[in-house]
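Some notes on the structure that comes next.
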Amino acid sequence: MEYDLVVIGGGPAGMLGAATAARRGLKVVLLEKNDRLGKKLAITGGGRCNFTNDSYGEAFSGNIVTNGKFLYSALNAFAGRHLVQLFKTLGVQARVEADGRVFPASGQSGDVLKALQKHLKDSGVEVRYNSGVRQLLSRDGQAAGALLSDNSTVKGRSVLVATGGASYQQTGSSGDGYRFARRLGHTIVGPRPALVPLVVRDGWVRELQGLALDHVMLRVAAGGRAKAEQSGELLFTHFGLSGPSVLNLSSFLTKHFSFPLDLIIDFKPGWPGERLNKLLQDHLQQNPARSLKNTLSVILPQRLAPVIPVLAGVDGGRQGAQVTRGEREELVSALKNLAVTVTGTRSLNEAIVTCGGVSVKEINPSTLESKIIRGLYFAGEVIDVDALTGGFNLQIAFSTGYLSGSSAGAGR
């Protein structure tokens, strides 16, 4: 049996790509190496599945870190509003939360996965589980199907590679797509971790393990100027720093910087230095007999309050009345410009997404077809594209899945 389209990978890009092509009249088979579809999708957003973001245009593209211009056609063909409408027709209502993050109203990723499975079934896609692919087949510069791990072959007039990146390998994203593409002549931009926690040298950071701060500003400076910055939640861990602000910043650091580097933390980004100094002075004057560290606990989390005086070189046990103007300035400096040394990131396998993949220079952005092999398409994280947290990466997966599937169907 020969199929019109062989889709490799049952993540969001592969599922939507397969269903889209089938609805355009193609005979489609989806090959999934696991015993079920969407293993990584099921754990995204803490199991709640932040599947898109309600921003659009420049507001959306401003959150794409790598090759945003390449994605213009895909995002225009199938935007967040289209995805929300699709899920609505499949019985999944959307709920918009902070920063435009869109979740299923139920808060269950399982509902999104069931909807996509229903979409596949209704579209007539044949799904084969436990079907690992060994290599892609081609003939005279044309995609011809896939050779499976059991040495059987699946013939196809076109092939869509939607195998994901190389992070969360326990879900099946083990970088297979890079190997497939390279063997057919494609260039692979070296995979690096994106949206990944940072490893920090400073011991006091690890002592605050488990402490989460709602709003901080992080920046990396060079030549006296900020070269990268992010604001948001910060989480102290046993190895360093995590949380949304750190994850977003990490995507820029692994792309444009080398380690080790100094990361500046501003614990009070909404407070200019002079205003913060005045606030601290007022609290110290109102509580002259109270220790400095206890006074700081009024404006800082209790676990952080005794740490700041130590880092500022000020005795935290001194009474408020004894704290000098110069010491207040040192405390404010520690609160606004505290440097920690980042030695690297956690492993690629711990990254939420992969930066790197099949070079966009070798993919037609209007169709997502290979410029090297006719009938070969790419979608999702296997391509060298990535974005910040907030539903942007999943939308990119769905958008590229839709465009590649519709492009494959257009040639029928």
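Order determines the names: the first chain of the structure tokens is A, the second B, and so forth; residues in each chain are numbered 1 upward, and ligands are numbered 1 upward as they are shown.
Using only C-alpha atoms, the protein and nucleic acid residues lying no more than 9 Å from A:Thr20, apart from those fewer than 4 places from it along its own chain, are Met15, Leu16, Arg24, Leu120, Ser123, Gly401, Tyr402, Leu403, Ser404, Gly405, Ser406 and Gly409 of chain A.
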Residues of stretch 222-279 of chain A within 12 Å of stretch 188-204 of chain A: nearest atom pair and distance (Å, one decimal) for each, counting only C-alpha atoms, sorted by chain and number, as CSV?
residue,atom,partner,partner_atom,distance
A:Leu234,CA,A:Pro197,CA,10.5
A:Leu235,CA,A:Pro197,CA,9.5
A:Phe236,CA,A:Trp204,CA,9.8
A:Thr237,CA,A:Val199,CA,9.1
A:His238,CA,A:Val199,CA,9.1
A:Phe239,CA,A:Val199,CA,5.5
A:Gly240,CA,A:Val200,CA,4.5
A:Leu241,CA,A:Leu198,CA,5.3
A:Ser242,CA,A:Pro197,CA,4.7
A:Gly243,CA,A:Pro197,CA,7.6
A:Pro244,CA,A:Leu195,CA,8.3
A:Ser245,CA,A:Leu195,CA,9.5
A:Val246,CA,A:Pro197,CA,6.5
A:Leu247,CA,A:Leu195,CA,4.2
A:Asn248,CA,A:Leu195,CA,5.6
A:Leu249,CA,A:Leu195,CA,7.6
A:Ser250,CA,A:Leu195,CA,5.8
A:Ser251,CA,A:Ala194,CA,4.5
A:Phe252,CA,A:Ala194,CA,8.1
A:Leu253,CA,A:Ala194,CA,8.9
A:Thr254,CA,A:Arg192,CA,7.0
A:Lys255,CA,A:Arg192,CA,8.0
A:His256,CA,A:Arg192,CA,11.5
A:Phe259,CA,A:Val199,CA,10.2
A:Pro260,CA,A:Val200,CA,9.1
A:Leu261,CA,A:Val200,CA,9.7
A:Asp262,CA,A:Val200,CA,9.6
A:Leu263,CA,A:Val200,CA,9.4
- Query: Quick one: of A:Pro365, A:Gly14, A:Gly57, A:Gly175, who's nearest to A:Ala79, counting only C-alpha atoms?
  - Reply: A:Gly57
- For A:Val323, which residue out of A:Pro288, A:Pro301, A:Gly164, A:Gly344 is the nearest one, using only C-alpha atoms?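 Ranked by minimum distance to A:Val323, first place goes to A:Pro288.
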- Can you list, as a PyMOL selection string, all residues belonging to stretch 78-320 of chain A that DSSP tags as helix (DSSP H, G or I)? chain A and resi 80-89+98-100+109-123+169-171+176-183+203-207+244-256+273-286+292-296+307-312+320
Could you write those residues out with C-alpha atoms, as a PDB file, in the first residue's frame?
ATOM      1  CA  GLY A  80      -4.217  31.371  17.557  1.00  0.00           C
ATOM      2  CA  ARG A  81      -7.810  32.360  16.815  1.00  0.00           C
ATOM      3  CA  HIS A  82      -8.038  29.557  14.257  1.00  0.00           C
ATOM      4  CA  LEU A  83      -6.735  27.059  16.795  1.00  0.00           C
ATOM      5  CA  VAL A  84      -9.195  28.222  19.460  1.00  0.00           C
ATOM      6  CA  GLN A  85     -12.049  27.871  16.952  1.00  0.00           C
ATOM      7  CA  LEU A  86     -10.888  24.393  15.924  1.00  0.00           C
ATOM      8  CA  PHE A  87     -10.830  23.212  19.521  1.00  0.00           C
ATOM      9  CA  LYS A  88     -14.255  24.752  20.083  1.00  0.00           C
ATOM     10  CA  THR A  89     -15.678  22.658  17.242  1.00  0.00           C
ATOM     11  CA  ALA A  98      -2.515  36.173  32.654  1.00  0.00           C
ATOM     12  CA  ASP A  99      -0.239  37.438  29.862  1.00  0.00           C
ATOM     13  CA  GLY A 100      -2.624  36.116  27.211  1.00  0.00           C
ATOM     14  CA  SER A 109      -4.309  18.723  28.935  1.00  0.00           C
ATOM     15  CA  GLY A 110      -6.075  15.418  28.396  1.00  0.00           C
ATOM     16  CA  ASP A 111      -9.032  17.269  26.872  1.00  0.00           C
ATOM     17  CA  VAL A 112      -6.773  18.853  24.245  1.00  0.00           C
ATOM     18  CA  LEU A 113      -5.211  15.504  23.419  1.00  0.00           C
ATOM     19  CA  LYS A 114      -8.593  13.764  23.141  1.00  0.00           C
ATOM     20  CA  ALA A 115      -9.804  16.515  20.822  1.00  0.00           C
ATOM     21  CA  LEU A 116      -6.808  16.064  18.520  1.00  0.00           C
ATOM     22  CA  GLN A 117      -7.295  12.295  18.494  1.00  0.00           C
ATOM     23  CA  LYS A 118     -10.940  12.820  17.561  1.00  0.00           C
ATOM     24  CA  HIS A 119      -9.811  15.178  14.793  1.00  0.00           C
ATOM     25  CA  LEU A 120      -7.501  12.476  13.439  1.00  0.00           C
ATOM     26  CA  LYS A 121     -10.210   9.827  13.536  1.00  0.00           C
ATOM     27  CA  ASP A 122     -12.861  12.054  11.974  1.00  0.00           C
ATOM     28  CA  SER A 123     -10.412  13.018   9.228  1.00  0.00           C
ATOM     29  CA  GLN A 169      13.640  12.585  25.534  1.00  0.00           C
ATOM     30  CA  GLN A 170      11.522  10.313  27.717  1.00  0.00           C
ATOM     31  CA  THR A 171       8.543  11.530  25.678  1.00  0.00           C
ATOM     32  CA  ASP A 176      15.546  11.445  15.313  1.00  0.00           C
ATOM     33  CA  GLY A 177      14.349  14.065  12.858  1.00  0.00           C
ATOM     34  CA  TYR A 178      17.771  15.699  12.760  1.00  0.00           C
ATOM     35  CA  ARG A 179      19.318  12.397  11.737  1.00  0.00           C
ATOM     36  CA  PHE A 180      16.658  11.768   9.075  1.00  0.00           C
ATOM     37  CA  ALA A 181      17.088  15.229   7.571  1.00  0.00           C
ATOM     38  CA  ARG A 182      20.883  15.201   7.649  1.00  0.00           C
ATOM     39  CA  ARG A 183      20.994  11.896   5.802  1.00  0.00           C
ATOM     40  CA  GLY A 203      26.045  29.223  47.487  1.00  0.00           C
ATOM     41  CA  TRP A 204      23.441  31.550  49.013  1.00  0.00           C
ATOM     42  CA  VAL A 205      21.182  30.934  46.012  1.00  0.00           C
ATOM     43  CA  ARG A 206      20.952  27.228  46.776  1.00  0.00           C
ATOM     44  CA  GLU A 207      20.217  27.989  50.442  1.00  0.00           C
ATOM     45  CA  PRO A 244       9.377  31.897  33.880  1.00  0.00           C
ATOM     46  CA  SER A 245      11.724  34.903  33.874  1.00  0.00           C
ATOM     47  CA  VAL A 246      14.793  32.661  34.001  1.00  0.00           C
ATOM     48  CA  LEU A 247      13.492  30.247  31.372  1.00  0.00           C
ATOM     49  CA  ASN A 248      12.791  33.067  28.946  1.00  0.00           C
ATOM     50  CA  LEU A 249      16.158  34.704  29.568  1.00  0.00           C
ATOM     51  CA  SER A 250      17.959  31.399  29.067  1.00  0.00           C
ATOM     52  CA  SER A 251      16.868  31.228  25.428  1.00  0.00           C
ATOM     53  CA  PHE A 252      18.803  34.421  24.707  1.00  0.00           C
ATOM     54  CA  LEU A 253      21.794  33.388  26.833  1.00  0.00           C
ATOM     55  CA  THR A 254      22.366  30.041  25.122  1.00  0.00           C
ATOM     56  CA  LYS A 255      22.007  31.720  21.734  1.00  0.00           C
ATOM     57  CA  HIS A 256      24.090  34.888  22.142  1.00  0.00           C
ATOM     58  CA  GLY A 273      16.696  53.434  43.975  1.00  0.00           C
ATOM     59  CA  GLU A 274      15.983  56.753  45.708  1.00  0.00           C
ATOM     60  CA  ARG A 275      12.392  55.805  46.437  1.00  0.00           C
ATOM     61  CA  LEU A 276      13.450  52.428  47.797  1.00  0.00           C
ATOM     62  CA  ASN A 277      16.070  54.122  49.989  1.00  0.00           C
ATOM     63  CA  LYS A 278      13.386  56.412  51.394  1.00  0.00           C
ATOM     64  CA  LEU A 279      11.070  53.459  52.062  1.00  0.00           C
ATOM     65  CA  LEU A 280      13.821  51.644  53.922  1.00  0.00           C
ATOM     66  CA  GLN A 281      14.700  54.789  55.900  1.00  0.00           C
ATOM     67  CA  ASP A 282      11.067  55.245  56.952  1.00  0.00           C
ATOM     68  CA  HIS A 283      10.771  51.663  58.186  1.00  0.00           C
ATOM     69  CA  LEU A 284      14.036  51.894  60.126  1.00  0.00           C
ATOM     70  CA  GLN A 285      12.983  55.167  61.781  1.00  0.00           C
ATOM     71  CA  GLN A 286       9.590  53.740  62.704  1.00  0.00           C
ATOM     72  CA  LEU A 292      17.639  45.350  60.428  1.00  0.00           C
ATOM     73  CA  LYS A 293      16.839  41.858  59.129  1.00  0.00           C
ATOM     74  CA  ASN A 294      13.470  41.870  60.884  1.00  0.00           C
ATOM     75  CA  THR A 295      12.662  45.287  59.466  1.00  0.00           C
ATOM     76  CA  LEU A 296      13.563  44.080  55.973  1.00  0.00           C
ATOM     77  CA  VAL A 307      20.280  37.220  53.258  1.00  0.00           C
ATOM     78  CA  ILE A 308      20.318  40.736  51.804  1.00  0.00           C
ATOM     79  CA  PRO A 309      22.307  42.356  54.668  1.00  0.00           C
ATOM     80  CA  VAL A 310      24.934  39.610  54.408  1.00  0.00           C
ATOM     81  CA  LEU A 311      25.311  40.204  50.666  1.00  0.00           C
ATOM     82  CA  ALA A 312      25.445  43.964  51.247  1.00  0.00           C
ATOM     83  CA  GLY A 320      17.410  50.207  62.881  1.00  0.00           C
TER      84      GLY A 320
END
- Excluding A:Asn63 and residues on its chain fewer than 6 positions from it, collect all residues at most 8 Å away from it, counting only C-alpha atoms, and give them as a list in words.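 Result of the neighbour search: Ala387, Leu388 and Phe392 of chain A.
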Dump of N, CA, C and O atoms for the selected residues, as a CSV table (one decimal), in the first residue's frame:
chain,number,residue,atom,x,y,z
A,387,ALA,N,10.6,29.9,20.8
A,387,ALA,CA,10.0,31.1,21.3
A,387,ALA,C,10.0,31.1,22.8
A,387,ALA,O,10.4,30.1,23.4
A,388,LEU,N,9.5,32.2,23.4
A,388,LEU,CA,9.4,32.3,24.8
A,388,LEU,C,8.2,31.5,25.4
A,388,LEU,O,7.4,31.0,24.6
A,392,PHE,N,3.4,30.2,23.0
A,392,PHE,CA,4.0,30.5,21.7
A,392,PHE,C,4.6,29.3,20.9
A,392,PHE,O,4.4,29.2,19.7
- Task: Quick one: pull the distance between atom CA of A:Asn53 and atom CA of A:Ala105, Å, one decimal.
- Result: 14.0 Å
- From the DSSP assignment of the backbone, select every residue of stretch 39-68 of chain A that is strand (DSSP E), and format the answer as a PyMOL selection string. chain A and resi 52-53+64-66
Keeping only N, CA, C and O atoms, write the selected residues to a file as a compact mmCIF listing (two decimals), in the first residue's frame.
# COMPACT_ATOMS: atom_id res chain seq x y z
N THR A 52 -1.91 28.02 23.36
CA THR A 52 -1.62 29.15 22.48
C THR A 52 -1.60 30.42 23.31
O THR A 52 -1.70 30.38 24.55
N ASN A 53 -1.46 31.55 22.64
CA ASN A 53 -1.49 32.85 23.27
C ASN A 53 -2.42 33.73 22.45
O ASN A 53 -2.43 33.63 21.23
N ILE A 64 9.02 35.45 19.60
CA ILE A 64 9.76 34.41 18.90
C ILE A 64 11.24 34.75 18.96
O ILE A 64 11.66 35.83 18.56
N VAL A 65 12.03 33.83 19.46
CA VAL A 65 13.46 34.08 19.65
C VAL A 65 14.25 33.81 18.37
O VAL A 65 15.13 34.56 17.99
N THR A 66 13.91 32.73 17.69
CA THR A 66 14.71 32.29 16.54
C THR A 66 13.87 32.19 15.27
O THR A 66 12.86 31.49 15.24
- Item | Option closest in space to A:Gly232, from A:His215, A:Arg346, A:Lys27, A:Arg101 [counting only C-alpha atoms] |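 Checking each candidate against A:Gly232, we get A:His215 as the closest.
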- So what do you get for atom CA of A:Asn50 versus atom CA of A:Lys361, distance-wise? 29.5 Å
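Straight-line separation from atom CA of A:Val385 to atom CA of A:Thr400: 10.6 Å.
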- Task: Excluding A:Arg318 and any residue of its chain fewer than 2 positions from it, enumerate the residues within 6 Å of it, using only C-alpha atoms, and give them as a PyMOL selection string.
- Result: chain A and resi 291-292+315-316
